[in-house]
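Engineer: File final_10.cif follows (mmCIF, C-alpha atoms):
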```cif
data_final
#
loop_
_atom_site.label_atom_id
_atom_site.label_comp_id
_atom_site.auth_asym_id
_atom_site.auth_seq_id
_atom_site.Cartn_x
_atom_site.Cartn_y
_atom_site.Cartn_z
CA MET A 1 12.55 12.62 179.72
CA THR A 2 13.34 8.99 179.16
CA PRO A 3 14.35 7.99 175.62
CA GLY A 4 10.71 7.46 174.79
CA GLY A 5 9.78 10.97 175.85
CA ARG A 6 8.11 10.12 179.16
CA ALA A 7 8.93 11.93 182.38
CA CYS A 8 11.02 10.00 184.86
CA PRO A 9 8.65 8.43 187.41
CA GLN A 10 11.25 8.45 190.19
CA PRO A 11 13.69 11.31 189.58
CA ILE A 12 16.87 11.28 191.61
CA ASP A 13 16.96 14.06 194.16
CA ASP A 14 19.21 17.00 193.19
CA ALA A 15 21.11 16.63 196.46
CA VAL A 16 21.90 13.01 195.66
CA LEU A 17 23.10 13.95 192.18
CA VAL A 18 25.48 16.53 193.65
CA ASP A 19 26.75 14.02 196.22
CA TYR A 20 27.22 11.47 193.43
CA TRP A 21 29.34 13.95 191.49
CA LEU A 22 31.37 14.77 194.62
CA ALA A 23 31.98 11.04 195.23
CA LEU A 24 30.31 11.28 198.62
CA LEU A 25 27.82 8.42 198.20
CA ALA A 26 28.32 4.98 199.68
CA ASP A 27 29.16 2.33 197.06
CA ALA A 28 25.73 0.71 197.15
CA GLU A 29 23.93 4.03 196.74
CA GLN A 30 26.31 5.01 193.95
CA ASP A 31 25.53 1.77 192.10
CA VAL A 32 21.79 2.47 192.31
CA VAL A 33 22.29 6.01 190.97
CA GLU A 34 24.42 4.78 188.07
CA GLU A 35 21.95 2.09 187.11
CA HIS A 36 19.24 4.74 187.05
CA LEU A 37 21.36 7.17 185.01
CA PHE A 38 22.02 4.50 182.39
CA ALA A 39 18.31 4.17 181.80
CA CYS A 40 17.08 7.75 182.34
CA ASP A 41 18.23 10.68 180.24
CA GLU A 42 16.07 13.13 182.18
CA CYS A 43 18.09 12.56 185.35
CA GLY A 44 21.24 12.51 183.20
CA ASP A 45 20.39 16.00 181.95
CA ARG A 46 19.88 17.19 185.52
CA LEU A 47 23.21 15.69 186.50
CA ARG A 48 24.85 17.59 183.62
CA GLN A 49 23.42 20.84 185.03
CA ALA A 50 24.80 19.92 188.45
CA VAL A 51 28.18 19.15 186.87
CA ASP A 52 28.26 22.55 185.13
CA LEU A 53 27.65 24.26 188.46
CA ALA A 54 30.13 22.00 190.26
CA GLU A 55 32.88 22.65 187.73
CA ALA A 56 32.31 26.38 187.88
CA LEU A 57 32.44 26.23 191.68
CA ARG A 58 35.62 24.18 191.52
CA GLY A 59 37.18 26.88 189.36
CA ILE A 60 36.17 29.53 191.88
CA ALA A 61 37.38 27.45 194.83
CA ARG A 62 40.78 27.05 193.16
CA SER A 63 41.05 30.65 192.00
CA GLY A 64 41.93 32.03 195.42
CA MET A 65 39.71 35.02 194.65
CA LEU A 66 37.36 34.59 197.61
CA GLN A 67 37.77 35.41 201.26
CA VAL A 68 36.81 32.26 203.10
CA VAL A 69 37.62 30.34 206.27
CA VAL A 70 39.15 26.96 205.45
CA ASP A 71 41.18 24.33 207.31
CA GLU A 72 44.60 22.67 207.24
CA VAL A 73 43.50 19.91 204.87
CA PHE A 74 42.49 22.54 202.37
CA VAL A 75 45.86 24.30 202.67
CA ARG A 76 47.74 21.03 202.24
CA GLN A 77 45.69 20.07 199.20
CA ALA A 78 46.23 23.48 197.64
CA ALA A 79 49.99 23.25 198.14
CA ALA A 80 50.10 19.65 196.90
CA SER A 81 48.25 20.57 193.72
CA GLY A 82 51.12 22.78 192.66
CA ARG A 83 49.53 26.13 193.45
CA ARG A 84 51.85 28.86 194.66
CA VAL A 85 50.78 29.29 198.26
CA ARG A 86 51.86 32.08 200.62
CA GLN A 87 51.17 31.58 204.32
CA TYR A 88 51.41 33.75 207.42
CA GLU A 89 50.91 32.86 211.05
CA ALA A 90 50.05 35.15 213.94
CA GLY A 91 49.38 34.68 217.63
CA PRO A 92 47.27 37.07 219.71
CA GLY A 93 48.96 40.48 220.01
CA GLN A 94 51.53 39.74 217.32
CA THR A 95 52.45 41.86 214.32
CA VAL A 96 53.17 40.20 210.97
CA HIS A 97 54.93 41.88 208.05
CA CYS A 98 53.38 40.60 204.88
CA THR A 99 53.15 41.08 201.14
CA VAL A 100 51.87 39.33 198.05
CA SER A 101 53.52 38.88 194.67
CA VAL A 102 52.05 38.70 191.20
CA ASP A 103 52.86 34.98 191.00
CA ASP A 104 51.07 34.00 194.21
CA ASP A 105 47.94 31.90 193.68
CA LEU A 106 46.65 31.59 197.22
CA LEU A 107 47.30 33.28 200.55
CA PHE A 108 46.40 31.85 203.93
CA ALA A 109 46.57 33.53 207.32
CA ARG A 110 46.58 31.38 210.44
CA LEU A 111 45.24 33.22 213.46
CA ALA A 112 45.86 31.37 216.71
CA ALA A 113 43.30 31.75 219.48
CA ASP A 114 41.56 29.82 222.21
CA LEU A 115 38.13 29.29 220.66
CA SER A 116 36.80 26.92 223.30
CA GLY A 117 33.47 27.96 224.71
CA ALA A 118 32.74 30.52 222.01
CA ALA A 119 29.23 29.93 220.66
CA ARG A 120 29.75 32.34 217.79
CA VAL A 121 32.98 33.81 216.44
CA ASP A 122 33.25 36.88 214.19
CA LEU A 123 36.33 38.06 212.35
CA SER A 124 36.56 41.84 212.22
CA TRP A 125 39.02 43.61 209.92
CA CYS A 126 40.00 47.09 211.04
CA ASP A 127 42.28 49.77 209.62
CA GLY A 128 45.37 51.04 211.43
CA ARG A 129 43.22 53.34 213.58
CA GLY A 130 41.09 50.44 214.72
CA VAL A 131 38.03 51.39 212.66
CA GLU A 132 36.19 48.30 211.41
CA ARG A 133 36.15 47.99 207.62
CA ARG A 134 34.83 44.45 207.12
CA ARG A 135 33.30 41.76 209.27
CA LEU A 136 32.91 38.04 208.67
CA ALA A 137 30.02 37.12 210.96
CA ASP A 138 29.63 33.71 212.55
CA ILE A 139 32.61 32.08 210.88
CA PRO A 140 32.85 28.27 211.02
CA VAL A 141 35.19 27.23 213.81
CA ARG A 142 35.96 24.12 215.80
CA GLY A 143 36.32 24.81 219.49
CA ASP A 144 39.43 22.66 219.85
CA ALA A 145 41.18 23.86 216.68
CA GLY A 146 43.33 26.47 218.42
CA GLY A 147 42.60 29.09 215.79
CA ILE A 148 41.36 29.64 212.28
CA VAL A 149 42.79 29.51 208.77
CA LEU A 150 41.63 32.31 206.52
CA GLN A 151 42.07 32.36 202.77
CA GLU A 152 42.26 36.01 201.79
CA SER A 153 41.06 37.20 198.38
CA MET A 154 43.93 37.50 195.91
CA ALA A 155 42.00 40.07 193.90
CA PHE A 156 41.76 42.21 197.03
CA LEU A 157 45.36 41.76 198.13
CA LYS A 158 46.95 42.29 194.73
CA GLY A 159 45.12 45.60 194.37
CA LEU A 160 45.91 46.78 197.90
CA PRO A 161 48.27 49.69 198.74
CA SER A 162 50.72 49.36 201.62
CA ALA A 163 48.59 49.47 204.76
CA THR A 164 48.18 48.42 208.37
CA MET A 165 45.34 45.95 208.85
CA ILE A 166 44.14 44.71 212.21
CA ALA A 167 42.24 41.44 212.49
CA ARG A 168 40.18 40.74 215.59
CA LEU A 169 38.66 37.42 216.45
CA LEU A 170 35.58 38.12 218.57
CA ALA A 171 33.40 35.79 220.61
CA VAL A 172 29.81 37.00 220.36
CA ASP A 173 27.24 35.84 222.90
CA ALA A 174 23.49 35.49 222.45
CA GLU A 175 22.92 39.11 223.59
CA GLY A 176 25.44 40.42 221.06
CA ALA A 177 28.13 41.19 223.65
CA GLU A 178 31.63 40.79 222.23
CA ARG A 179 34.83 39.48 223.77
CA VAL A 180 38.18 39.77 222.00
CA LEU A 181 39.78 36.36 221.52
CA GLY A 182 42.81 37.72 219.71
CA GLU A 183 44.06 40.78 217.88
CA TYR A 184 46.60 40.50 215.05
CA THR A 185 48.31 43.30 213.14
CA PHE A 186 49.30 42.85 209.52
CA GLU A 187 51.73 45.38 208.09
CA HIS A 188 51.15 44.92 204.40
CA THR A 189 53.79 46.20 202.00
CA ARG A 190 52.80 46.52 198.39
CA THR A 191 55.51 45.02 196.16
CA ILE A 192 53.49 44.62 192.97
CA PRO A 193 54.46 47.35 190.49
CA GLY A 194 51.89 49.95 189.50
CA PRO A 195 49.23 51.86 191.39
CA PRO A 196 46.91 50.01 193.80
CA ALA A 197 43.44 49.17 192.51
CA GLN A 198 41.61 50.20 195.66
CA GLU A 199 42.02 51.97 198.97
CA TRP A 200 42.05 50.08 202.21
CA MET B 1 12.82 2.96 182.56
CA THR B 2 11.82 1.65 179.16
CA VAL B 3 11.53 3.41 175.87
CA GLY B 4 8.18 4.52 174.54
CA SER B 5 6.42 3.58 171.35
CA SER B 6 8.03 6.36 169.29
CA GLU B 7 11.47 4.73 169.43
CA SER B 8 12.78 1.22 169.23
CA SER B 9 13.24 -0.44 172.60
CA ASP B 10 16.70 -1.47 173.70
CA ALA B 11 15.71 -5.10 173.15
CA GLU B 12 14.58 -4.38 169.59
CA LEU B 13 17.85 -2.62 168.83
CA VAL B 14 19.84 -5.51 170.22
CA GLN B 15 17.98 -7.93 167.95
CA ARG B 16 18.36 -5.70 164.89
CA ILE B 17 22.11 -5.36 165.45
CA ALA B 18 22.43 -9.14 165.68
CA ASP B 19 20.64 -9.24 162.30
CA GLY B 20 23.22 -6.86 160.81
CA ASP B 21 21.25 -3.56 160.92
CA ASN B 22 23.71 -0.62 160.81
CA ASP B 23 21.01 1.94 161.64
CA ALA B 24 20.35 0.12 164.90
CA GLU B 25 24.05 0.34 165.75
CA ALA B 26 23.96 4.08 165.16
CA GLU B 27 20.89 4.40 167.38
CA VAL B 28 22.57 2.48 170.23
CA CYS B 29 25.59 4.78 169.93
CA ARG B 30 23.37 7.90 169.92
CA ARG B 31 21.45 6.63 172.94
CA MET B 32 24.34 5.39 175.03
CA ALA B 33 27.13 7.87 174.27
CA PRO B 34 25.86 10.70 176.56
CA ARG B 35 25.37 8.26 179.43
CA ILE B 36 28.83 6.76 179.02
CA ARG B 37 30.39 10.22 178.82
CA LEU B 38 28.69 11.31 182.04
CA TYR B 39 29.96 8.17 183.76
CA GLY B 40 33.42 8.90 182.40
CA LEU B 41 33.38 12.48 183.62
CA ARG B 42 32.39 11.35 187.09
CA HIS B 43 35.00 8.63 187.40
CA LEU B 44 37.86 9.93 185.28
CA ARG B 45 37.43 13.69 185.92
CA SER B 46 38.59 14.58 182.43
CA ALA B 47 36.60 15.41 179.30
CA ALA B 48 39.26 13.86 177.05
CA ALA B 49 39.33 10.64 179.09
CA ALA B 50 35.53 10.54 179.09
CA ASP B 51 35.49 10.88 175.31
CA ASP B 52 38.00 8.03 175.03
CA LEU B 53 35.81 5.94 177.31
CA VAL B 54 32.79 6.54 175.07
CA GLN B 55 34.68 5.20 172.06
CA GLN B 56 36.08 2.18 173.88
CA VAL B 57 32.79 1.16 175.48
CA LEU B 58 30.76 1.64 172.31
CA LEU B 59 33.24 -0.45 170.32
CA LYS B 60 33.08 -3.25 172.89
CA THR B 61 29.28 -3.00 173.02
CA ILE B 62 28.74 -3.11 169.25
CA GLU B 63 31.20 -5.95 168.94
CA ALA B 64 29.33 -7.93 171.61
CA LEU B 65 25.94 -7.20 170.07
CA ARG B 66 27.07 -8.20 166.57
CA ALA B 67 28.26 -11.48 168.03
CA SER B 68 24.97 -11.92 169.97
CA ARG B 69 26.87 -12.16 173.25
CA LEU B 70 24.18 -10.27 175.21
CA ARG B 71 21.99 -13.08 176.51
CA ASP B 72 19.09 -10.92 177.71
CA PRO B 73 18.29 -8.20 175.12
CA ASP B 74 16.43 -6.20 177.78
CA LYS B 75 19.68 -5.76 179.72
CA LEU B 76 21.47 -3.48 177.26
CA SER B 77 21.82 -0.58 179.74
CA PRO B 78 23.23 -2.77 182.55
CA PHE B 79 25.57 -4.36 180.02
CA VAL B 80 26.89 -0.96 178.90
CA LEU B 81 27.22 0.19 182.53
CA GLY B 82 29.15 -2.97 183.39
CA THR B 83 31.42 -2.42 180.39
CA CYS B 84 32.03 1.15 181.59
CA ARG B 85 33.02 -0.09 185.04
CA MET B 86 35.41 -2.72 183.68
CA THR B 87 36.98 -0.28 181.23
CA VAL B 88 37.54 2.34 183.93
CA ILE B 89 39.17 -0.27 186.19
CA ASP B 90 41.51 -1.16 183.31
CA GLN B 91 42.24 2.51 182.69
CA ARG B 92 43.10 3.07 186.35
CA ARG B 93 45.56 0.21 186.24
CA THR B 94 47.16 1.82 183.20
CA ALA B 95 47.10 5.22 184.90
CA ARG B 96 48.93 3.80 187.92
CA ARG B 97 51.65 2.49 185.62
CA GLN B 98 51.81 5.90 183.95
CA GLU B 99 52.04 7.63 187.33
CA HIS B 100 54.98 5.44 188.16
CA LEU B 101 56.68 6.50 184.93
CA LEU B 102 55.81 10.14 185.55
CA GLY B 103 57.37 9.88 188.97
CA GLU B 104 60.49 8.77 187.22
CA PHE B 105 60.50 11.34 184.43
CA GLY B 106 58.79 14.35 185.98
CA GLY B 107 55.33 15.89 186.30
CA ALA B 108 56.18 18.57 183.75
CA LEU B 109 55.08 16.10 181.08
CA VAL B 110 51.45 16.42 182.20
CA PRO B 111 49.56 19.11 180.26
CA ALA B 112 47.34 21.53 182.16
CA SER B 113 43.60 20.94 182.07
CA HIS B 114 41.71 23.51 180.01
CA GLU B 115 38.17 22.48 180.75
CA MET B 116 36.11 25.64 181.04
CA PRO B 117 32.94 25.88 183.07
CA GLN B 118 29.93 26.93 181.03
CA LEU B 119 28.46 29.23 183.67
CA ASP B 120 29.32 32.90 184.12
CA GLY B 121 32.19 32.55 186.59
CA ASP B 122 32.25 36.20 187.69
CA ARG B 123 28.56 36.17 188.44
CA LEU B 124 28.83 32.89 190.29
CA ALA B 125 31.78 34.20 192.32
CA ARG B 126 29.68 37.18 193.44
CA CYS B 127 26.90 34.79 194.44
CA VAL B 128 29.35 32.61 196.41
CA GLN B 129 30.82 35.66 198.15
CA ALA B 130 27.30 36.66 199.21
CA LEU B 131 26.71 33.37 201.04
CA LYS B 132 26.94 33.21 204.82
CA GLU B 133 30.47 32.49 206.04
CA ARG B 134 29.72 28.93 207.09
CA ASP B 135 27.92 28.14 203.83
CA ARG B 136 30.74 29.65 201.77
CA THR B 137 33.30 27.53 203.59
CA VAL B 138 31.29 24.37 202.99
CA VAL B 139 30.86 25.19 199.28
CA ILE B 140 34.53 26.00 198.73
CA MET B 141 35.77 22.93 200.61
CA SER B 142 33.20 20.65 198.97
CA PHE B 143 34.03 21.61 195.43
CA TYR B 144 37.80 22.17 195.68
CA ASP B 145 38.41 18.44 195.36
CA GLU B 146 37.19 15.11 196.67
CA LYS B 147 39.55 15.03 199.64
CA THR B 148 38.51 18.40 200.98
CA ALA B 149 34.85 17.52 200.35
CA ALA B 150 35.15 14.39 202.47
CA GLU B 151 37.08 16.24 205.20
CA SER B 152 34.89 19.33 205.42
CA SER B 153 32.62 18.09 208.18
CA ARG B 154 35.53 17.15 210.44
CA ALA B 155 37.24 20.46 209.80
CA LEU B 156 34.13 22.41 210.73
CA GLY B 157 33.22 20.33 213.74
CA LEU B 158 29.86 19.46 212.17
CA SER B 159 28.22 16.15 211.40
CA GLU B 160 28.34 14.92 207.79
CA ALA B 161 24.55 15.21 207.67
CA ASN B 162 24.74 18.82 208.80
CA VAL B 163 27.36 19.67 206.19
CA ARG B 164 25.19 18.01 203.56
CA VAL B 165 22.21 20.14 204.55
CA ILE B 166 24.34 23.30 204.45
CA ARG B 167 25.82 22.35 201.05
CA HIS B 168 22.47 21.74 199.42
CA ARG B 169 20.91 24.83 200.92
CA ALA B 170 23.85 26.83 199.57
CA ILE B 171 23.49 25.29 196.11
CA ARG B 172 19.81 26.20 196.03
CA GLN B 173 20.74 29.75 196.99
CA LEU B 174 23.43 29.88 194.31
CA ARG B 175 21.01 28.68 191.64
CA ALA B 176 18.47 31.30 192.71
CA CYS B 177 21.19 33.96 192.77
CA MET B 178 22.37 33.01 189.28
CA GLU B 179 18.83 33.43 187.99
CA THR B 180 18.27 36.83 189.60
CA VAL B 181 21.62 38.61 189.40
CA ALA B 182 21.79 40.76 186.27
#
```
Give the structure from this file in structure tokens form.

Structural biologist:
Amino acid sequence: MTPGGRACPQPIDDAVLVDYWLALLADAEQDVVEEHLFACDECGDRLRQAVDLAEALRGIARSGMLQVVVDEVFVRQAAASGRRVRQYEAGPGQTVHCTVSVDDDLLFARLAADLSGAARVDLSWCDGRGVERRRLADIPVRGDAGGIVLQESMAFLKGLPSATMIARLLAVDAEGAERVLGEYTFEHTRTIPGPPAQEW
Amino acid sequence: MTVGSSESSDAELVQRIADGDNDAEAEVCRRMAPRIRLYGLRHLRSAAAADDLVQQVLLKTIEALRASRLRDPDKLSPFVLGTCRMTVIDQRRTARRQEHLLGEFGGALVPASHEMPQLDGDRLARCVQALKERDRTVVIMSFYDEKTAAESSRALGLSEANVRVIRHRAIRQLRACMETVA
């Protein structure tokens, strides 16, 4: 409602409010939004709701608790912001010995692969016997990127026992046929004291 | 937008303040403070800095209104917005000087931010984890900070418009998820 209690005749679209908060609007569009917000408390209230969600999402994004494909800019920003970042790199067929400590905030795994020509790429996580345990379907990739950067969940890793984990990058065609782009073995050694929180 | 009949218009308040009405000053502060704070949060990214901005802008505004320096009484909102913009520019200049000093004396002097989101973070995290991989990546990169938000389309090999569509679809899904997840 406006200060007088009337509904806003031209409410700002929710998408525009989110883009305004993320500083993604062009200057001219931003000026128009701000002029509107200084005369319309109804849209201001909706912006506050968007801000609440945005701040909560920012907290989650910075927590390192989610498994998500990111990029090099993200890794650089995370490291520059003072977070304790652990990183591993693997080429196809390589084995990486890895761990995680209590103090680590974020962990990134770089998996190198030729992604050119792959319409869809899945990331399959298998145990040491090659049995698939998790799959990230249709992950976002750029064909010329030469691989992916995966942020692994800290909650998952810090509760993990020592284990062999095999990652497979798979190209999946329209008929569902799969082609292995790269296979990477992670020999994880638990160094955090106490029993693991879950089985792998 | 103008005010309705149940409250004084901005122009009426401006005139009353010029006539020395303290209640009108309080009403301008009540009306403008939430708008200034929202502007401050957006541009200063800190609740404390936004609160400081509210005080500074309201002081400048009341001072100007008491002195009848606002030529068009209908333009109170644009005047307050303009004062916000000028004050933030001044603050950024000051912040740059402070950054220079911090570079000299060390970042350990900067206290950690303790702003807490009001939503249920665990529930929201489950909703984010349930998004499709591409949507989750866009959400995480968009909200991590402004740099990663601006870079996300290039990183994903998508157009900015496409990333925008994905982001807003994901936000709609998150809102629906937050309403349904017990």

Engineer: Could you pull the residues within 12 Å of A:Leu22, counting all atoms listed in the file, minus those fewer than 3 positions along the same chain, as a VMD selection string?

Structural biologist: (chain A and resid 15 to 19 25 to 26 30 47 50 to 51 53 to 55 57 to 58) or (chain B and resid 41 to 43 45 139 141 to 150 164 167)

Engineer: Would you mind listing, for every residue of chain B within 8 Å of chain A, the two atoms forming the shortest contact and the distance between them in Å to one decimal, using all atoms listed in the file, sorted by chain and ascending residue number, as CSV?

Structural biologist:
```
residue,atom,partner,partner_atom,distance
B:Met1,CA,A:Ala39,CA,5.7
B:Thr2,CA,A:Gly4,CA,7.4
B:Val3,CA,A:Gly4,CA,4.3
B:Gly4,CA,A:Gly4,CA,3.9
B:Ser5,CA,A:Gly4,CA,6.7
B:Ser6,CA,A:Gly4,CA,6.2
B:Glu7,CA,A:Gly4,CA,6.1
B:Arg31,CA,A:Pro3,CA,7.7
B:Met32,CA,A:Phe38,CA,7.8
B:Arg35,CA,A:Phe38,CA,5.8
B:Ile36,CA,A:Phe38,CA,7.9
B:Leu38,CA,A:Arg48,CA,7.5
B:Tyr39,CA,A:Glu34,CA,7.8
B:Arg42,CA,A:Trp21,CA,6.0
B:Ser77,CA,A:Phe38,CA,5.7
B:Pro78,CA,A:Glu35,CA,6.8
B:Leu81,CA,A:Phe38,CA,6.8
B:Met116,CA,A:Ala56,CA,7.9
B:Pro117,CA,A:Ala56,CA,4.9
B:Gln118,CA,A:Asp52,CA,6.2
B:Leu119,CA,A:Ala56,CA,6.4
B:Gly121,CA,A:Ala56,CA,6.3
B:Leu124,CA,A:Leu57,CA,7.7
B:Ala125,CA,A:Ile60,CA,6.4
B:Gln129,CA,A:Leu66,CA,6.6
B:Lys132,CA,A:Ala137,CA,7.9
B:Glu133,CA,A:Ile139,CA,5.3
B:Arg134,CA,A:Pro140,CA,5.1
B:Arg136,CA,A:Val68,CA,6.7
B:Thr137,CA,A:Val69,CA,5.8
B:Val139,CA,A:Leu57,CA,7.8
B:Ile140,CA,A:Ala61,CA,5.0
B:Met141,CA,A:Phe74,CA,7.0
B:Ser142,CA,A:Leu22,CA,7.5
B:Phe143,CA,A:Arg58,CA,4.9
B:Tyr144,CA,A:Arg58,CA,5.1
B:Asp145,CA,A:Arg58,CA,7.4
B:Glu146,CA,A:Leu22,CA,6.2
B:Lys147,CA,A:Gln77,CA,8.0
B:Thr148,CA,A:Phe74,CA,5.9
B:Ala149,CA,A:Leu22,CA,7.2
B:Ala150,CA,A:Leu24,CA,6.9
B:Glu151,CA,A:Val73,CA,7.4
B:Ala155,CA,A:Asp71,CA,6.1
B:Leu156,CA,A:Arg142,CA,5.7
B:Gly157,CA,A:Arg142,CA,5.1
B:His168,CA,A:Ala15,CA,6.1
```

Engineer: Please write the residues picked by the PyMOL selection byres ((chain A and resi 115) around 7) on this file as a ChimeraX atom specification.

Structural biologist: /A:113-114,116-118,143-144,146-147

Engineer: What do you get, as a PyMOL selection string, if you spell out every residue that the PyMOL selection byres ((chain B and resi 60) around 12) selects here?

Structural biologist: chain B and resi 29+53-59+61-67+69-70+79-84+86-87

Engineer: Rounded to one decimal place, report the atom CA of A:Glu29-atom CA of A:Asp13 distance in Å.

Structural biologist: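 Computing the Euclidean distance for atom CA of A:Glu29 and atom CA of A:Asp13 yields 12.5 Å.
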
Engineer: Applied to the shown file, which residues does the PyMOL selection byres ((chain A and resi 162) around 9) return, written as a ChimeraX atom specification?

Structural biologist: /A:99,160-161,163-164,187-191,196,200

Engineer: Dump as a ChimeraX atom specification all residues having an atom at most 8 Å from (39.6, 43.5, 213.6), computed in the file's coordinates with all atoms listed in the file.

Structural biologist: /A:123-127,130,132,135,165-169,183-184

Engineer: What does the structure give for the distance between atom CA of A:Gly128 and atom CA of B:Arg126, in Å to one decimal?

Structural biologist: 27.6 Å

Engineer: How many Å separate atom CA of A:Val85 from atom CA of A:Leu106?

Structural biologist: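 Rounded to one decimal, the two atoms are 4.8 Å apart.
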
Engineer: Would you mind telling me which residue in A:Met154, A:Thr185, A:Ile192, A:Ala79 lies nearest to A:Thr95 when using all atoms listed in the file?

Structural biologist: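 Closest to A:Thr95, using all atoms listed in the file: A:Thr185.
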
Engineer: Taking all atoms listed in the file into account, which of B:Asp52, B:Glu179, B:Asp10, B:Asp23 comes nearest B:Asp120?

Structural biologist: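 Nearest to B:Asp120: B:Glu179.
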